[in-house]
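J.: One structure, pasted below without further comment.
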Amino acid sequence: MSMLSPINIILLVATSLSFFLLQLPSSTSAQTAPRYTSWNVPVPSFNVYALNNSALWDAAVAKAKRTVAQMTTAEKVGLTAGPLQPVPRLGIPSFALADGPLGFRDGYGITCFPAGISAAQSWDRELIYQRGLALGNEFFDSGIFIGLAPMMNLARQVNGGRQWEGYGGDPYLSGEAGAMSVRGLQDAGVVTTTKHLIANEQDTFRSYSSSNIDDRTVHEVYGWPFMKAVHAGATAIMCSFNQLNGTYTCSNGPLQNGILRNQWGFRGYVMSDWGASPDAVGAANNGMEMAQPGSTDWSQAQMTGFLSRNPPLVTQTRLNEMVERILTPYYLLEQDTRPPSRVANVSKDHYVLARKIGAESTVLLRNDRNVLPLTVGRKLAVIGSDAFYPSNGVNGFTPDGWPGQFQIGVGTGTLTMGYSSGACRLPYVVAPLDALIERVGRANVVSSREDFNIPKAVELAKDADTALVFAIANSGEWPLTIDGNQADRKNISLWLGGDAMINAVASVNRNTVVVLHVTGQVLMPWVNHPNISGIIMAGLPGQETGNGLADVLMGDVNPCGKLAYTIAEKQEHYIMALLTSPLSVPQINYTEKLELDYRWFDAHNIAPLFEFGKGLSYTNFVYSRLVTTGPTGNQVLVRQLGASGGESEVVQSYSVTLRNAGRRGGKEVVQLYLGFPPAAGEPPRILRGFEKVYVAVNQSVIVNLTLNPVDMAIWDVGQQKWVMVLGTYTVWIGASSRDLKLSTTYDVVTALNPSTTTTVSTTSSPSSSSSSTGNTPSSSSSMTSSTTGSSSVSPATTSSSSSSVTSTTGSDSSKKDQKLWSKVGLAWPDGDVSNMWALAGNGWNRISWLYTYGPWPTTSAGQASLDFVPMMWGCGAAQDWKNAMDAGMFQNASAVLAFHEPDDPLHASSYLQPNAAAELWLQHIQPLHAQGINLGAPAVTQTSRGKTWLQDFMTYCRTCTIDFIPLHWYGSDCVSFQEYVTDMSRSFGNRRIWITEWGCMTSSSTTNGMECNSENVSKLVKCTTSWM
């Protein structure tokens, strides 16, 4: 990487300031997490910076404390207020910050990605992670230490100016998208600034209004996305301009110290938005650590004055805490040893990712008469300025000319993003018209960019085979005003006469397709016109807008986006209009409480025009065979939860078969909605899981979904913690919040009934398929559901249409669950299998680990006792594995793991790299999951190399189903053993740990283990049991 001189400046204009980058040497030290240089990488199955990785956080905190102890008061103050000052003698640079959520706002040669709302409408965790990683790489390679992203406010106000920066109207979807964005940005080595905490859902009056929300709604709805970001390891939080229940958020101790830190466990720092802390002293003493320049935030001189007063308004103890929290992310992300610095090629091949997200976030809302995909050779009429390259250049200023604002004005060309500090400087734009001409040829396209010239449009459209009408609605950030819209939209109609143009074109062309580039919901008074055959919600796709859209229109990409908010038939059907009353302190009352977006429509029996989660495809998907695969069937034992919301234990699991019955391969988003018992007081159903999967033509896949305790809990205001309400819960699986295909129930109980036999019933709507057509907006009450947490997809062996699956939860038939978490593992040396079976028959009737370097034992007695099957990739090879399967060795197995020992010098010649092991896993191990067998990761020895190898394996094997982590231990020290197990559990997402081997050997063939005598076996059992 090239060095950056201190003279170089990054200007954050309007609501920002200059930050200087200090030249620091690059480090060649090993990194805790890989810093990828391209976007095309899988989501690591482990999250290095997750909050539960307490050892890593503890080390960063300790390092920050040591540094602060060496700093002068002036040096500390210099890190608490912008422009931030370096401390050269301690190697601390001046931290450069930059917007924004979709691209480096003031950067050159960068990528302007699709906006947050488009990313959310992809419903693809991996794409969202890759977007965050690529954005983080561009920040990092531009010398940026702190990225002002992601934006996590919810789309409550349909005309809210900045909702397009976020992830839509559902807290669960927003939380998943935000968490993946945090992971991606921080894996690139950049501090994230999750914003704006909290309830900044409208820009009008944002600097002095009060958002009034009850405590339960704060936790379950508007705080949920921030909570998920915190658990994902968010390193900084930006407090919002507005008040929360009468107190400015930046000075709100119950919010910043109570909820954010004490309940959620946040360990980073809180910074203000620019000018967002009117009470500087109150902010400093109530949880805010870093002030950005503005009329009300504290300056360095003011902070010095606060400290010098007698008595001080801010104490040295608090100042030390502030600086420790600011430095903790710096050390956590290893920016001290490997600081961001400029490189020549910032954007790399990220345009490919931008195009992919643009295509996969395109939502097909209607496709009557299969008007799409388009056919080459047919005549197209392309109508509307939104289809064209901007006439005033890709970065033409808005009419108000806000410096640093790089979005086009009204009617000049295609809309790629909204206008605000969340926009970015476009390097180029591929206009939809240009992309279409490249595909079908200029001779087959006629066009008009004159939005109000209806006669011309009609003349062009009447002779075309298909007419594409492009329309927009724009919004942004206060104080900018465009066409009378001051940030928030003054209404939710289409701009530039879009409604009249659509109706006029549809009157002469029966194959009219409407393409919308909008920042949020819009009214569609033309929706029932019989000639409007297609409707596409194209979102805000960034610089590759035309290419991504053309990929879908021409059928190169099968549309697979889903709405991230509900579209109503009438404006009065939405929750609440924008508050515009000129009060001294405008009161924005969230009286709908938990009933945000589709929850409101469901609770009040309002039929939406297009429901949350809706999105059609060019193929047809059939849902069938919903099976409860949880450890206790349709019963869930009530858990005692805390306030953090970070419990990740899988307590309920489901699988559903998804079949592609159409003529094109495609992706579907399987969604899980949960209905609570009446006593819980929840909306009728809420999203609690989803998984996006690809299914080839005439093929089926099994989609696996899970629920954790917090997914099925509510916030108890009196107890100030999450609680699970006793009663019956309904799980719906489907293709949208109203297109629900299958359902089942489970009961939360205080005690399990181990002997009951239950039928896991699945009900379906009249049609359990997702069709490629959408003649009218559906108002059906049949619903859908999906799952959360760690999910996986495995090939389905059959495509059953059975509506029920009978399962038992008794001891006879639940072997695969009851025997799974055996506590003791035994190991034997090469070929010595004789006393293996003797020991197995001598009280060890729950053998969980049997391994041999020699031939597989094939005795019937051995098969009967074999609960767990290992495989030595390094020694047994794939053929032995196949032979063992063919011999029926797994017929009684509760779990399987493909064993590999990377540190074993005796078998160095057969050592496998993690990528090779992942390939073998997918080929030989993954298919066993469909048989109900639990799958463990490759076991490794207790060395740093072993842990690194396993981390790399998990990265390569991103589609593997990993149910547990097997561990080896050679030694007899219980304390060290327990520390090792705890560290490994945290390092791999708190997965279950299975102790597979503890050096219990039958001979002296090993020098670091124990012999399998009765004394050592008893010791092994005692130590392991005490940990479990």
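Labels used: A, B, ... for chains in the order of the structure tokens, numbers from 1 for residues in each chain, and numbers from 1 for ligands as shown.
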Residues at most 8 Å from A:Glu176, counting only C-alpha atoms, excluding those fewer than 6 positions away in the same chain, as a list of chain:residue names?
T.: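 Contacts, in chain order: A:Arg125, A:Pro225, A:Lys228.
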J.: I'd like to know which of A:Pro525, A:Phe964, A:Ser341, A:Lys947 is closest to A:Met984, using only C-alpha atoms.
T.: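 Answer, going by the shortest atom-to-atom distance: A:Lys947.
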J.: Find the distance between atom CA of A:His604 and atom CA of A:Asn245 and write it in Å to one decimal.
T.: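 Those two atoms sit 26.4 Å apart.
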J.: With a distance cut-off of 10 Å and only C-alpha atoms, select the neighbouring residues of A:Arg216, excluding the residue or stretch itself and same-chain residues fewer than 5 positions from it, and output the selection as a list in words.
T.: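 Counting only the stated atoms, we get Val221, Tyr222, Gly223, Lys593, Leu594, Ile714, Trp715, Asp716, Val717, Gly718 and Gln720 of chain A.
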J.: Just to be explicit: take each residue in the selection above, keep N, CA and C atoms, and write the result as a short mmCIF file (atom, residue, chain, number, x, y, z; two decimals), in the first residue's frame.
T.:
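Result file is result-v2.cif:
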```cif
data_model
loop_
_atom_site.label_atom_id
_atom_site.label_comp_id
_atom_site.auth_asym_id
_atom_site.auth_seq_id
_atom_site.Cartn_x
_atom_site.Cartn_y
_atom_site.Cartn_z
N VAL A 221 -38.73 -3.37 18.52
CA VAL A 221 -38.85 -2.86 17.16
C VAL A 221 -37.69 -1.95 16.80
N TYR A 222 -37.65 -0.75 17.32
CA TYR A 222 -36.68 0.25 16.85
C TYR A 222 -35.28 0.01 17.38
N GLY A 223 -35.17 -0.67 18.49
CA GLY A 223 -33.85 -1.01 19.01
C GLY A 223 -33.30 -2.33 18.51
N LYS A 593 -47.15 1.42 18.31
CA LYS A 593 -46.33 0.51 19.13
C LYS A 593 -45.67 -0.57 18.28
N LEU A 594 -46.02 -1.84 18.47
CA LEU A 594 -45.33 -2.94 17.79
C LEU A 594 -45.80 -3.13 16.35
N ILE A 714 -40.56 -12.06 24.19
CA ILE A 714 -41.01 -10.68 24.19
C ILE A 714 -40.24 -9.93 25.28
N TRP A 715 -40.25 -8.61 25.19
CA TRP A 715 -39.58 -7.80 26.21
C TRP A 715 -40.55 -7.52 27.35
N ASP A 716 -40.17 -7.94 28.55
CA ASP A 716 -40.98 -7.72 29.75
C ASP A 716 -40.51 -6.42 30.40
N VAL A 717 -41.36 -5.40 30.37
CA VAL A 717 -40.98 -4.09 30.89
C VAL A 717 -40.74 -4.13 32.38
N GLY A 718 -41.60 -4.86 33.12
CA GLY A 718 -41.46 -4.93 34.56
C GLY A 718 -40.18 -5.61 35.00
N GLN A 720 -37.58 -6.14 32.99
CA GLN A 720 -36.48 -5.61 32.20
C GLN A 720 -35.59 -6.73 31.65
#
```
J.: Excluding A:Asn285 and residues on its chain fewer than 4 positions from it, collect all residues at most 12 Å away from it, counting only C-alpha atoms, and give them as a PDB file with all heavy atoms, in the first residue's frame.
T.:
```pdb
ATOM      1  N   CYS A 250     -28.318  11.873  22.457  1.00  0.00           N
ATOM      2  CA  CYS A 250     -26.886  11.945  22.781  1.00  0.00           C
ATOM      3  C   CYS A 250     -26.646  12.229  24.252  1.00  0.00           C
ATOM      4  O   CYS A 250     -25.515  12.065  24.742  1.00  0.00           O
ATOM      5  CB  CYS A 250     -26.203  13.011  21.924  1.00  0.00           C
ATOM      6  SG  CYS A 250     -26.181  12.630  20.153  1.00  0.00           S
ATOM      7  N   SER A 251     -27.684  12.680  24.972  1.00  0.00           N
ATOM      8  CA  SER A 251     -27.567  12.948  26.409  1.00  0.00           C
ATOM      9  C   SER A 251     -28.426  11.992  27.216  1.00  0.00           C
ATOM     10  O   SER A 251     -28.624  12.207  28.419  1.00  0.00           O
ATOM     11  CB  SER A 251     -28.002  14.396  26.717  1.00  0.00           C
ATOM     12  OG  SER A 251     -27.301  15.317  25.939  1.00  0.00           O
ATOM     13  N   ASN A 252     -28.912  10.946  26.590  1.00  0.00           N
ATOM     14  CA  ASN A 252     -29.883  10.056  27.204  1.00  0.00           C
ATOM     15  C   ASN A 252     -29.176   8.897  27.894  1.00  0.00           C
ATOM     16  O   ASN A 252     -28.830   7.892  27.269  1.00  0.00           O
ATOM     17  CB  ASN A 252     -30.850   9.546  26.129  1.00  0.00           C
ATOM     18  CG  ASN A 252     -32.113   8.968  26.713  1.00  0.00           C
ATOM     19  OD1 ASN A 252     -32.059   8.201  27.674  1.00  0.00           O
ATOM     20  ND2 ASN A 252     -33.255   9.331  26.141  1.00  0.00           N
ATOM     21  N   GLY A 253     -28.943   9.042  29.187  1.00  0.00           N
ATOM     22  CA  GLY A 253     -28.252   8.006  29.952  1.00  0.00           C
ATOM     23  C   GLY A 253     -28.954   6.675  29.955  1.00  0.00           C
ATOM     24  O   GLY A 253     -28.317   5.627  29.764  1.00  0.00           O
ATOM     25  N   PRO A 254     -30.285   6.623  30.201  1.00  0.00           N
ATOM     26  CA  PRO A 254     -30.975   5.327  30.162  1.00  0.00           C
ATOM     27  C   PRO A 254     -30.831   4.620  28.820  1.00  0.00           C
ATOM     28  O   PRO A 254     -30.803   3.388  28.776  1.00  0.00           O
ATOM     29  CB  PRO A 254     -32.434   5.718  30.437  1.00  0.00           C
ATOM     30  CG  PRO A 254     -32.341   6.963  31.249  1.00  0.00           C
ATOM     31  CD  PRO A 254     -31.155   7.709  30.694  1.00  0.00           C
ATOM     32  N   GLN A 256     -28.149   5.228  26.406  1.00  0.00           N
ATOM     33  CA  GLN A 256     -26.752   4.943  26.053  1.00  0.00           C
ATOM     34  C   GLN A 256     -26.030   4.109  27.094  1.00  0.00           C
ATOM     35  O   GLN A 256     -25.209   3.246  26.736  1.00  0.00           O
ATOM     36  CB  GLN A 256     -26.008   6.260  25.809  1.00  0.00           C
ATOM     37  CG  GLN A 256     -26.561   7.004  24.614  1.00  0.00           C
ATOM     38  CD  GLN A 256     -25.831   8.305  24.306  1.00  0.00           C
ATOM     39  OE1 GLN A 256     -25.761   8.718  23.162  1.00  0.00           O
ATOM     40  NE2 GLN A 256     -25.279   8.955  25.316  1.00  0.00           N
ATOM     41  N   ASN A 257     -26.299   4.345  28.359  1.00  0.00           N
ATOM     42  CA  ASN A 257     -25.645   3.546  29.398  1.00  0.00           C
ATOM     43  C   ASN A 257     -26.496   2.353  29.812  1.00  0.00           C
ATOM     44  O   ASN A 257     -25.962   1.275  30.098  1.00  0.00           O
ATOM     45  CB  ASN A 257     -25.349   4.416  30.625  1.00  0.00           C
ATOM     46  CG  ASN A 257     -24.298   5.469  30.347  1.00  0.00           C
ATOM     47  OD1 ASN A 257     -23.381   5.250  29.563  1.00  0.00           O
ATOM     48  ND2 ASN A 257     -24.432   6.633  30.969  1.00  0.00           N
ATOM     49  N   VAL A 270     -19.649   5.946  21.533  1.00  0.00           N
ATOM     50  CA  VAL A 270     -20.773   6.653  20.935  1.00  0.00           C
ATOM     51  C   VAL A 270     -20.273   7.997  20.437  1.00  0.00           C
ATOM     52  O   VAL A 270     -19.611   8.735  21.171  1.00  0.00           O
ATOM     53  CB  VAL A 270     -21.914   6.857  21.948  1.00  0.00           C
ATOM     54  CG1 VAL A 270     -23.038   7.696  21.330  1.00  0.00           C
ATOM     55  CG2 VAL A 270     -22.456   5.508  22.425  1.00  0.00           C
ATOM     56  N   SER A 277     -25.772  17.284  19.677  1.00  0.00           N
ATOM     57  CA  SER A 277     -25.803  17.187  21.145  1.00  0.00           C
ATOM     58  C   SER A 277     -25.914  18.575  21.766  1.00  0.00           C
ATOM     59  O   SER A 277     -24.910  19.176  22.155  1.00  0.00           O
ATOM     60  CB  SER A 277     -24.551  16.472  21.672  1.00  0.00           C
ATOM     61  OG  SER A 277     -23.382  17.104  21.191  1.00  0.00           O
ATOM     62  N   ASP A 279     -26.869  19.517  24.606  1.00  0.00           N
ATOM     63  CA  ASP A 279     -26.392  19.541  25.989  1.00  0.00           C
ATOM     64  C   ASP A 279     -25.043  18.844  26.034  1.00  0.00           C
ATOM     65  O   ASP A 279     -24.952  17.638  26.269  1.00  0.00           O
ATOM     66  CB  ASP A 279     -27.406  18.849  26.892  1.00  0.00           C
ATOM     67  CG  ASP A 279     -26.963  18.819  28.355  1.00  0.00           C
ATOM     68  OD1 ASP A 279     -25.942  19.461  28.688  1.00  0.00           O
ATOM     69  OD2 ASP A 279     -27.636  18.140  29.144  1.00  0.00           O
ATOM     70  N   ALA A 280     -23.962  19.602  25.801  1.00  0.00           N
ATOM     71  CA  ALA A 280     -22.637  18.994  25.683  1.00  0.00           C
ATOM     72  C   ALA A 280     -22.219  18.301  26.972  1.00  0.00           C
ATOM     73  O   ALA A 280     -21.726  17.173  26.957  1.00  0.00           O
ATOM     74  CB  ALA A 280     -21.613  20.049  25.285  1.00  0.00           C
ATOM     75  N   VAL A 281     -22.402  18.967  28.102  1.00  0.00           N
ATOM     76  CA  VAL A 281     -22.010  18.366  29.386  1.00  0.00           C
ATOM     77  C   VAL A 281     -22.856  17.134  29.667  1.00  0.00           C
ATOM     78  O   VAL A 281     -22.351  16.091  30.102  1.00  0.00           O
ATOM     79  CB  VAL A 281     -22.126  19.395  30.521  1.00  0.00           C
ATOM     80  CG1 VAL A 281     -21.891  18.729  31.877  1.00  0.00           C
ATOM     81  CG2 VAL A 281     -21.145  20.532  30.323  1.00  0.00           C
ATOM     82  N   GLU A 289     -19.020   9.650  23.749  1.00  0.00           N
ATOM     83  CA  GLU A 289     -17.575   9.782  23.904  1.00  0.00           C
ATOM     84  C   GLU A 289     -16.934  10.733  22.903  1.00  0.00           C
ATOM     85  O   GLU A 289     -15.880  11.304  23.189  1.00  0.00           O
ATOM     86  CB  GLU A 289     -16.896   8.418  23.756  1.00  0.00           C
ATOM     87  CG  GLU A 289     -16.973   7.539  24.994  1.00  0.00           C
ATOM     88  CD  GLU A 289     -18.328   6.890  25.187  1.00  0.00           C
ATOM     89  OE1 GLU A 289     -18.969   6.545  24.172  1.00  0.00           O
ATOM     90  OE2 GLU A 289     -18.757   6.743  26.349  1.00  0.00           O
ATOM     91  N   MET A 290     -17.486  10.885  21.716  1.00  0.00           N
ATOM     92  CA  MET A 290     -16.832  11.666  20.670  1.00  0.00           C
ATOM     93  C   MET A 290     -17.828  12.640  20.064  1.00  0.00           C
ATOM     94  O   MET A 290     -18.901  12.246  19.617  1.00  0.00           O
ATOM     95  CB  MET A 290     -16.285  10.734  19.579  1.00  0.00           C
ATOM     96  CG  MET A 290     -15.543  11.458  18.457  1.00  0.00           C
ATOM     97  SD  MET A 290     -15.070  10.344  17.084  1.00  0.00           S
ATOM     98  CE  MET A 290     -13.801   9.344  17.881  1.00  0.00           C
ATOM     99  N   MET A 303     -14.206  21.209  26.097  1.00  0.00           N
ATOM    100  CA  MET A 303     -13.962  20.057  26.950  1.00  0.00           C
ATOM    101  C   MET A 303     -12.871  20.370  27.959  1.00  0.00           C
ATOM    102  O   MET A 303     -12.968  19.988  29.144  1.00  0.00           O
ATOM    103  CB  MET A 303     -13.589  18.837  26.105  1.00  0.00           C
ATOM    104  CG  MET A 303     -13.262  17.590  26.926  1.00  0.00           C
ATOM    105  SD  MET A 303     -14.578  17.070  28.065  1.00  0.00           S
ATOM    106  CE  MET A 303     -15.811  16.500  26.908  1.00  0.00           C
ATOM    107  N   PHE A 306     -14.542  22.246  30.642  1.00  0.00           N
ATOM    108  CA  PHE A 306     -15.355  21.392  31.509  1.00  0.00           C
ATOM    109  C   PHE A 306     -14.491  20.695  32.552  1.00  0.00           C
ATOM    110  O   PHE A 306     -14.887  20.539  33.709  1.00  0.00           O
ATOM    111  CB  PHE A 306     -16.078  20.325  30.680  1.00  0.00           C
ATOM    112  CG  PHE A 306     -17.029  20.849  29.648  1.00  0.00           C
ATOM    113  CD1 PHE A 306     -17.385  20.063  28.549  1.00  0.00           C
ATOM    114  CD2 PHE A 306     -17.582  22.116  29.757  1.00  0.00           C
ATOM    115  CE1 PHE A 306     -18.266  20.535  27.594  1.00  0.00           C
ATOM    116  CE2 PHE A 306     -18.471  22.601  28.796  1.00  0.00           C
ATOM    117  CZ  PHE A 306     -18.800  21.806  27.711  1.00  0.00           C
ATOM    118  N   LEU A 307     -13.308  20.286  32.144  1.00  0.00           N
ATOM    119  CA  LEU A 307     -12.411  19.547  33.044  1.00  0.00           C
ATOM    120  C   LEU A 307     -11.790  20.439  34.101  1.00  0.00           C
ATOM    121  O   LEU A 307     -11.490  19.992  35.220  1.00  0.00           O
ATOM    122  CB  LEU A 307     -11.304  18.876  32.233  1.00  0.00           C
ATOM    123  CG  LEU A 307     -11.731  17.741  31.297  1.00  0.00           C
ATOM    124  CD1 LEU A 307     -10.659  17.484  30.255  1.00  0.00           C
ATOM    125  CD2 LEU A 307     -12.011  16.466  32.081  1.00  0.00           C
ATOM    126  N   PRO A 312     -15.235  19.989  38.635  1.00  0.00           N
ATOM    127  CA  PRO A 312     -15.259  19.803  37.177  1.00  0.00           C
ATOM    128  C   PRO A 312     -16.653  19.391  36.689  1.00  0.00           C
ATOM    129  O   PRO A 312     -17.357  18.645  37.370  1.00  0.00           O
ATOM    130  CB  PRO A 312     -14.229  18.703  36.956  1.00  0.00           C
ATOM    131  CG  PRO A 312     -14.162  17.968  38.242  1.00  0.00           C
ATOM    132  CD  PRO A 312     -14.398  18.989  39.309  1.00  0.00           C
ATOM    133  N   LEU A 313     -17.002  19.888  35.522  1.00  0.00           N
ATOM    134  CA  LEU A 313     -18.253  19.470  34.904  1.00  0.00           C
ATOM    135  C   LEU A 313     -18.123  18.086  34.283  1.00  0.00           C
ATOM    136  O   LEU A 313     -19.102  17.350  34.147  1.00  0.00           O
ATOM    137  CB  LEU A 313     -18.676  20.485  33.846  1.00  0.00           C
ATOM    138  CG  LEU A 313     -18.962  21.905  34.352  1.00  0.00           C
ATOM    139  CD1 LEU A 313     -19.357  22.818  33.195  1.00  0.00           C
ATOM    140  CD2 LEU A 313     -20.062  21.891  35.409  1.00  0.00           C
ATOM    141  N   VAL A 314     -16.918  17.738  33.863  1.00  0.00           N
ATOM    142  CA  VAL A 314     -16.584  16.402  33.393  1.00  0.00           C
ATOM    143  C   VAL A 314     -15.307  15.992  34.110  1.00  0.00           C
ATOM    144  O   VAL A 314     -14.320  16.731  34.098  1.00  0.00           O
ATOM    145  CB  VAL A 314     -16.376  16.373  31.866  1.00  0.00           C
ATOM    146  CG1 VAL A 314     -15.970  14.980  31.405  1.00  0.00           C
ATOM    147  CG2 VAL A 314     -17.622  16.837  31.133  1.00  0.00           C
ATOM    148  N   THR A 315     -15.299  14.818  34.731  1.00  0.00           N
ATOM    149  CA  THR A 315     -14.155  14.399  35.530  1.00  0.00           C
ATOM    150  C   THR A 315     -13.073  13.743  34.681  1.00  0.00           C
ATOM    151  O   THR A 315     -13.334  13.284  33.561  1.00  0.00           O
ATOM    152  CB  THR A 315     -14.590  13.404  36.621  1.00  0.00           C
ATOM    153  OG1 THR A 315     -15.041  12.198  35.994  1.00  0.00           O
ATOM    154  CG2 THR A 315     -15.710  13.988  37.479  1.00  0.00           C
ATOM    155  N   GLN A 316     -11.865  13.689  35.235  1.00  0.00           N
ATOM    156  CA  GLN A 316     -10.774  12.988  34.559  1.00  0.00           C
ATOM    157  C   GLN A 316     -11.086  11.502  34.414  1.00  0.00           C
ATOM    158  O   GLN A 316     -10.718  10.877  33.410  1.00  0.00           O
ATOM    159  CB  GLN A 316      -9.467  13.168  35.354  1.00  0.00           C
ATOM    160  CG  GLN A 316      -8.742  14.470  35.108  1.00  0.00           C
ATOM    161  CD  GLN A 316      -8.037  14.488  33.756  1.00  0.00           C
ATOM    162  OE1 GLN A 316      -7.828  13.445  33.140  1.00  0.00           O
ATOM    163  NE2 GLN A 316      -7.683  15.687  33.289  1.00  0.00           N
ATOM    164  N   THR A 317     -11.768  10.949  35.402  1.00  0.00           N
ATOM    165  CA  THR A 317     -12.143   9.531  35.326  1.00  0.00           C
ATOM    166  C   THR A 317     -13.031   9.274  34.119  1.00  0.00           C
ATOM    167  O   THR A 317     -12.846   8.312  33.364  1.00  0.00           O
ATOM    168  CB  THR A 317     -12.867   9.092  36.601  1.00  0.00           C
ATOM    169  OG1 THR A 317     -11.987   9.279  37.723  1.00  0.00           O
ATOM    170  CG2 THR A 317     -13.292   7.639  36.524  1.00  0.00           C
ATOM    171  N   ARG A 318     -14.005  10.156  33.922  1.00  0.00           N
ATOM    172  CA  ARG A 318     -14.890  10.006  32.757  1.00  0.00           C
ATOM    173  C   ARG A 318     -14.116  10.250  31.465  1.00  0.00           C
ATOM    174  O   ARG A 318     -14.319   9.526  30.474  1.00  0.00           O
ATOM    175  CB  ARG A 318     -16.060  10.990  32.872  1.00  0.00           C
ATOM    176  CG  ARG A 318     -16.933  11.088  31.623  1.00  0.00           C
ATOM    177  CD  ARG A 318     -17.530   9.758  31.208  1.00  0.00           C
ATOM    178  NE  ARG A 318     -18.320   9.919  29.973  1.00  0.00           N
ATOM    179  CZ  ARG A 318     -18.478   8.987  29.049  1.00  0.00           C
ATOM    180  NH1 ARG A 318     -17.916   7.796  29.203  1.00  0.00           N
ATOM    181  NH2 ARG A 318     -19.202   9.221  27.980  1.00  0.00           N
ATOM    182  N   LEU A 319     -13.217  11.224  31.440  1.00  0.00           N
ATOM    183  CA  LEU A 319     -12.410  11.468  30.244  1.00  0.00           C
ATOM    184  C   LEU A 319     -11.588  10.233  29.893  1.00  0.00           C
ATOM    185  O   LEU A 319     -11.496   9.849  28.720  1.00  0.00           O
ATOM    186  CB  LEU A 319     -11.491  12.669  30.467  1.00  0.00           C
ATOM    187  CG  LEU A 319     -10.541  12.992  29.305  1.00  0.00           C
ATOM    188  CD1 LEU A 319     -11.326  13.419  28.068  1.00  0.00           C
ATOM    189  CD2 LEU A 319      -9.545  14.079  29.715  1.00  0.00           C
ATOM    190  N   GLU A 321     -12.289   7.157  30.581  1.00  0.00           N
ATOM    191  CA  GLU A 321     -13.208   6.146  30.058  1.00  0.00           C
ATOM    192  C   GLU A 321     -13.571   6.441  28.612  1.00  0.00           C
ATOM    193  O   GLU A 321     -13.635   5.533  27.764  1.00  0.00           O
ATOM    194  CB  GLU A 321     -14.461   6.109  30.929  1.00  0.00           C
ATOM    195  CG  GLU A 321     -15.492   5.070  30.499  1.00  0.00           C
ATOM    196  CD  GLU A 321     -16.727   5.098  31.370  1.00  0.00           C
ATOM    197  OE1 GLU A 321     -17.390   6.162  31.456  1.00  0.00           O
ATOM    198  OE2 GLU A 321     -17.048   4.062  31.969  1.00  0.00           O
ATOM    199  N   MET A 322     -13.814   7.709  28.294  1.00  0.00           N
ATOM    200  CA  MET A 322     -14.161   8.098  26.932  1.00  0.00           C
ATOM    201  C   MET A 322     -13.056   7.715  25.954  1.00  0.00           C
ATOM    202  O   MET A 322     -13.312   7.121  24.900  1.00  0.00           O
ATOM    203  CB  MET A 322     -14.424   9.607  26.872  1.00  0.00           C
ATOM    204  CG  MET A 322     -15.659  10.050  27.641  1.00  0.00           C
ATOM    205  SD  MET A 322     -15.684  11.830  27.975  1.00  0.00           S
ATOM    206  CE  MET A 322     -15.927  12.479  26.328  1.00  0.00           C
TER     207      MET A 322
END
```
J.: Return as a VMD selection string the full set of residues in stretch 439-613 of chain A whose backbone-based DSSP assignment is strand (DSSP E).
T.: chain A and resid 445 to 448 466 to 473 481 to 482 485 to 486 512 to 518 532 to 537 587 to 589
J.: Mind the document's chain letters and residue numbers, and return as number ranges by chain the residues of stretch 408-607 of chain A that DSSP labels alpha helix (DSSP H).
T.: A: 432-440, 454-461, 498-506, 545-553, 598-603
J.: List the spatial neighbours of A:Arg659 as a VMD selection string - criterion: any atom at most 7 Å away, only C-alpha atoms, same-chain residues fewer than 4 positions off excluded.
T.: chain A and resid 621 to 623 698 to 701 799
J.: Output as a tab-separated table one row per residue of stretch 138-256 of chain A within 9 Å of stretch 554-575 of chain A: the closest atom pair and its distance in Å to one decimal place, counting only C-alpha atoms, sorted by chain and residue number ascending.
T.:
```
residue	atom	partner	partner_atom	distance
A:Ala155	CA	A:Tyr565	CA	7.6
A:Arg156	CA	A:Ile575	CA	7.7
A:Gln157	CA	A:Ile575	CA	7.7
A:Val158	CA	A:Tyr574	CA	7.5
A:Tyr167	CA	A:Ala564	CA	7.0
A:Gly168	CA	A:Ala564	CA	4.9
A:Gly169	CA	A:Tyr565	CA	5.1
A:Asp170	CA	A:Ala564	CA	7.3
A:Leu173	CA	A:Ala564	CA	7.9
A:Ser174	CA	A:Ala564	CA	8.9
```
